Amino acid sequence: MRSTIILAAHAIPTITAFSLLRALGFYGQLVLPGGGHAAILIDGPNTGETPVYVDAGATAPIFEPIHFLEEGNHVRTFGIASMDLTKSPDHPEHYRFTRYENGKVAIPPWDFHPNERKELPDLSEAIRSSFLPDAFFLNRLHIHRFQLEQDRFVLLKNNALHIGYSDGTNQITPLHTIADIEAAVADEMQLPLLPVREAVESLLERGIDIFSAPKKEEVPLENEALMFKENEGLD
């Protein structure tokens, strides 16, 4: 069964993937597109003559590494979501990651230089920022999973379950109780061991009721770099 799970908006999924790839014998380093997002450039083994771009936390339809330094089309599409990785028009030596929804730019693009490699300690500030009390993903329940074997993605935003397909169709189902959310995560997402009830109760203890909270303008899941920049001055 082939699927991709996006677990969080900070650097933790990428750090986990990075550590695993190194343990498997791959050589590579981290890059910080946009200054706050974390991705991986892998140089080998068996990656060819150019590094490949690996991203475990962008919720973009990246289902295989991208040879972004090579000529060709680096657009990846799934339903209404797509991404592109091209040379930056503003800085010729940089590359630009752009995320689209319905053909429109979803967030400001992220630029990075492929030679400006980072190590794990360089991510400490991005990680610290993602755990601030007002951090975007500490104030909501948000789980995203691509299920390629079913040609769809499943997205939980608080008490709304979104299911979208590669042909662009989408359905939204409101969930009214914690038990409903637990069932959706177990059955639709096939993640029965996630501590959903604990997460909802933790939010309630902080005054966040995902069933009755007023609707606010949603920031796309991929917008972690912007969240990081907004919180840089907070201690």
# chains A, B, ... in the order shown; residues from 1 in each chain; ligands from 1
>>> select_by_dssp(residues="range 63-212 of chain A", states="helix (DSSP H, G or I)", output="VMD selection string")
chain A and resid 120 to 130 136 to 138 148 to 150 178 to 187 196 to 205
>>> write_last_selection(atoms="N, CA, C and O atoms", output="CSV table (one decimal), in the first residue's frame")
chain,number,residue,atom,x,y,z
A,120,LEU,N,21.3,19.7,11.5
A,120,LEU,CA,20.1,19.7,12.4
A,120,LEU,C,20.2,20.9,13.4
A,120,LEU,O,19.1,21.4,13.7
A,121,PRO,N,21.3,21.3,14.0
A,121,PRO,CA,21.3,22.4,14.9
A,121,PRO,C,20.8,23.7,14.2
A,121,PRO,O,20.3,24.6,14.9
A,122,ASP,N,20.9,23.8,12.9
A,122,ASP,CA,20.4,25.0,12.2
A,122,ASP,C,18.9,25.2,12.2
A,122,ASP,O,18.3,26.2,11.9
A,123,LEU,N,18.2,24.1,12.6
A,123,LEU,CA,16.7,24.1,12.6
A,123,LEU,C,16.2,24.4,14.0
A,123,LEU,O,15.0,24.5,14.1
A,124,SER,N,17.0,24.7,15.0
A,124,SER,CA,16.5,24.8,16.3
A,124,SER,C,15.6,26.0,16.5
A,124,SER,O,14.6,25.9,17.2
A,125,GLU,N,15.8,27.1,15.8
A,125,GLU,CA,14.9,28.2,15.9
A,125,GLU,C,13.6,28.0,15.2
A,125,GLU,O,12.5,28.4,15.8
A,126,ALA,N,13.6,27.3,14.1
A,126,ALA,CA,12.3,27.0,13.4
A,126,ALA,C,11.5,26.0,14.3
A,126,ALA,O,10.3,26.1,14.4
A,127,ILE,N,12.2,25.1,15.0
A,127,ILE,CA,11.5,24.1,15.8
A,127,ILE,C,10.9,24.9,17.0
A,127,ILE,O,9.7,24.7,17.4
A,128,ARG,N,11.7,25.7,17.6
A,128,ARG,CA,11.3,26.5,18.8
A,128,ARG,C,10.0,27.3,18.5
A,128,ARG,O,9.0,27.4,19.2
A,129,SER,N,10.1,28.0,17.3
A,129,SER,CA,9.0,28.8,16.9
A,129,SER,C,7.7,28.0,16.7
A,129,SER,O,6.6,28.5,17.0
A,130,SER,N,7.8,26.8,16.2
A,130,SER,CA,6.6,26.0,16.0
A,130,SER,C,5.9,25.5,17.2
A,130,SER,O,4.8,25.0,17.2
A,136,PHE,N,0.5,28.2,14.7
A,136,PHE,CA,-0.7,27.9,14.0
A,136,PHE,C,-1.1,26.5,14.2
A,136,PHE,O,-2.3,26.2,14.5
A,137,PHE,N,-0.2,25.5,14.2
A,137,PHE,CA,-0.6,24.1,14.3
A,137,PHE,C,-0.7,23.6,15.8
A,137,PHE,O,-0.9,22.4,16.0
A,138,LEU,N,-0.5,24.5,16.7
A,138,LEU,CA,-0.8,24.1,18.1
A,138,LEU,C,-2.2,24.6,18.6
A,138,LEU,O,-2.5,24.5,19.7
A,148,LEU,N,-2.6,7.1,-2.2
A,148,LEU,CA,-2.5,6.9,-3.7
A,148,LEU,C,-3.2,5.6,-4.1
A,148,LEU,O,-3.6,5.6,-5.3
A,149,GLU,N,-3.2,4.6,-3.3
A,149,GLU,CA,-3.9,3.4,-3.7
A,149,GLU,C,-5.4,3.6,-3.9
A,149,GLU,O,-6.0,2.8,-4.6
A,150,GLN,N,-5.9,4.6,-3.3
A,150,GLN,CA,-7.3,5.0,-3.5
A,150,GLN,C,-7.5,6.2,-4.3
A,150,GLN,O,-8.6,6.8,-4.5
A,178,ILE,N,-16.2,13.8,19.4
A,178,ILE,CA,-14.8,13.2,19.4
A,178,ILE,C,-14.8,11.8,18.9
A,178,ILE,O,-13.9,11.4,18.1
A,179,ALA,N,-15.9,11.1,19.2
A,179,ALA,CA,-16.0,9.7,18.7
A,179,ALA,C,-16.1,9.7,17.2
A,179,ALA,O,-15.5,8.8,16.5
A,180,ASP,N,-16.8,10.7,16.6
A,180,ASP,CA,-16.9,10.8,15.1
A,180,ASP,C,-15.5,11.0,14.5
A,180,ASP,O,-15.1,10.4,13.5
A,181,ILE,N,-14.7,11.9,15.2
A,181,ILE,CA,-13.4,12.2,14.7
A,181,ILE,C,-12.5,10.9,14.8
A,181,ILE,O,-11.7,10.6,13.9
A,182,GLU,N,-12.6,10.2,15.9
A,182,GLU,CA,-11.8,9.0,16.1
A,182,GLU,C,-12.1,8.0,15.1
A,182,GLU,O,-11.2,7.3,14.5
A,183,ALA,N,-13.4,7.8,14.7
A,183,ALA,CA,-13.8,6.9,13.7
A,183,ALA,C,-13.3,7.3,12.4
A,183,ALA,O,-12.8,6.4,11.6
A,184,ALA,N,-13.3,8.6,12.0
A,184,ALA,CA,-12.9,9.0,10.7
A,184,ALA,C,-11.4,8.8,10.6
A,184,ALA,O,-10.9,8.4,9.5
A,185,VAL,N,-10.6,9.1,11.6
A,185,VAL,CA,-9.2,9.0,11.6
A,185,VAL,C,-8.8,7.5,11.5
A,185,VAL,O,-7.9,7.1,10.7
A,186,ALA,N,-9.5,6.6,12.2
A,186,ALA,CA,-9.3,5.2,12.1
A,186,ALA,C,-9.7,4.6,10.8
A,186,ALA,O,-8.9,3.8,10.2
A,187,ASP,N,-10.9,4.9,10.3
A,187,ASP,CA,-11.4,4.2,9.2
A,187,ASP,C,-11.0,4.9,7.8
A,187,ASP,O,-10.6,4.2,6.9
A,196,VAL,N,-6.2,10.9,19.1
A,196,VAL,CA,-7.1,12.0,18.7
A,196,VAL,C,-7.8,12.6,19.9
A,196,VAL,O,-7.9,13.8,20.1
A,197,ARG,N,-8.3,11.7,20.8
A,197,ARG,CA,-9.1,12.2,21.9
A,197,ARG,C,-8.2,13.1,22.8
A,197,ARG,O,-8.6,14.1,23.3
A,198,GLU,N,-7.0,12.6,23.0
A,198,GLU,CA,-6.0,13.4,23.8
A,198,GLU,C,-5.8,14.7,23.2
A,198,GLU,O,-5.7,15.8,23.9
A,199,ALA,N,-5.6,14.8,21.9
A,199,ALA,CA,-5.4,16.1,21.2
A,199,ALA,C,-6.6,17.0,21.4
A,199,ALA,O,-6.4,18.2,21.7
A,200,VAL,N,-7.8,16.5,21.2
A,200,VAL,CA,-8.9,17.4,21.3
A,200,VAL,C,-9.1,17.9,22.8
A,200,VAL,O,-9.4,19.1,23.0
A,201,GLU,N,-8.9,17.0,23.7
A,201,GLU,CA,-9.0,17.4,25.1
A,201,GLU,C,-7.9,18.4,25.5
A,201,GLU,O,-8.1,19.3,26.3
A,202,SER,N,-6.7,18.2,25.0
A,202,SER,CA,-5.6,19.2,25.2
A,202,SER,C,-6.0,20.6,24.7
A,202,SER,O,-5.7,21.6,25.4
A,203,LEU,N,-6.6,20.6,23.5
A,203,LEU,CA,-7.0,21.9,23.0
A,203,LEU,C,-8.1,22.5,23.9
A,203,LEU,O,-8.1,23.7,24.1
A,204,LEU,N,-9.0,21.7,24.3
A,204,LEU,CA,-10.1,22.2,25.2
A,204,LEU,C,-9.5,22.8,26.5
A,204,LEU,O,-10.0,23.8,27.0
A,205,GLU,N,-8.5,22.2,27.1
A,205,GLU,CA,-7.9,22.7,28.3
A,205,GLU,C,-7.3,24.1,28.0
A,205,GLU,O,-7.1,24.9,29.0
>>> closest_residue(among="A:Ile15, A:Ala81, A:Leu132, A:Val54", to="Ser166 in chain A", atoms="only C-alpha atoms")
A:Ala81
>>> closest_residue(among="A:Thr50, A:Asn115, A:Ser82, A:Ser212", to="Phe97 in chain A", atoms="only C-alpha atoms")
A:Ser82
>>> atom_distance(atom1="CA of Pro65 in chain A", atom2="CA of Leu156 in chain A")
25.9 Å
>>> select_by_dssp(residues="range 15-228 of chain A", states="strand (DSSP E or B)", output="ChimeraX atom specification")
/A:27-31,39-44,52-54,66,76-78,81-87,95-101,104-105,110-112,118,142-147,152-157,160-165,170-174
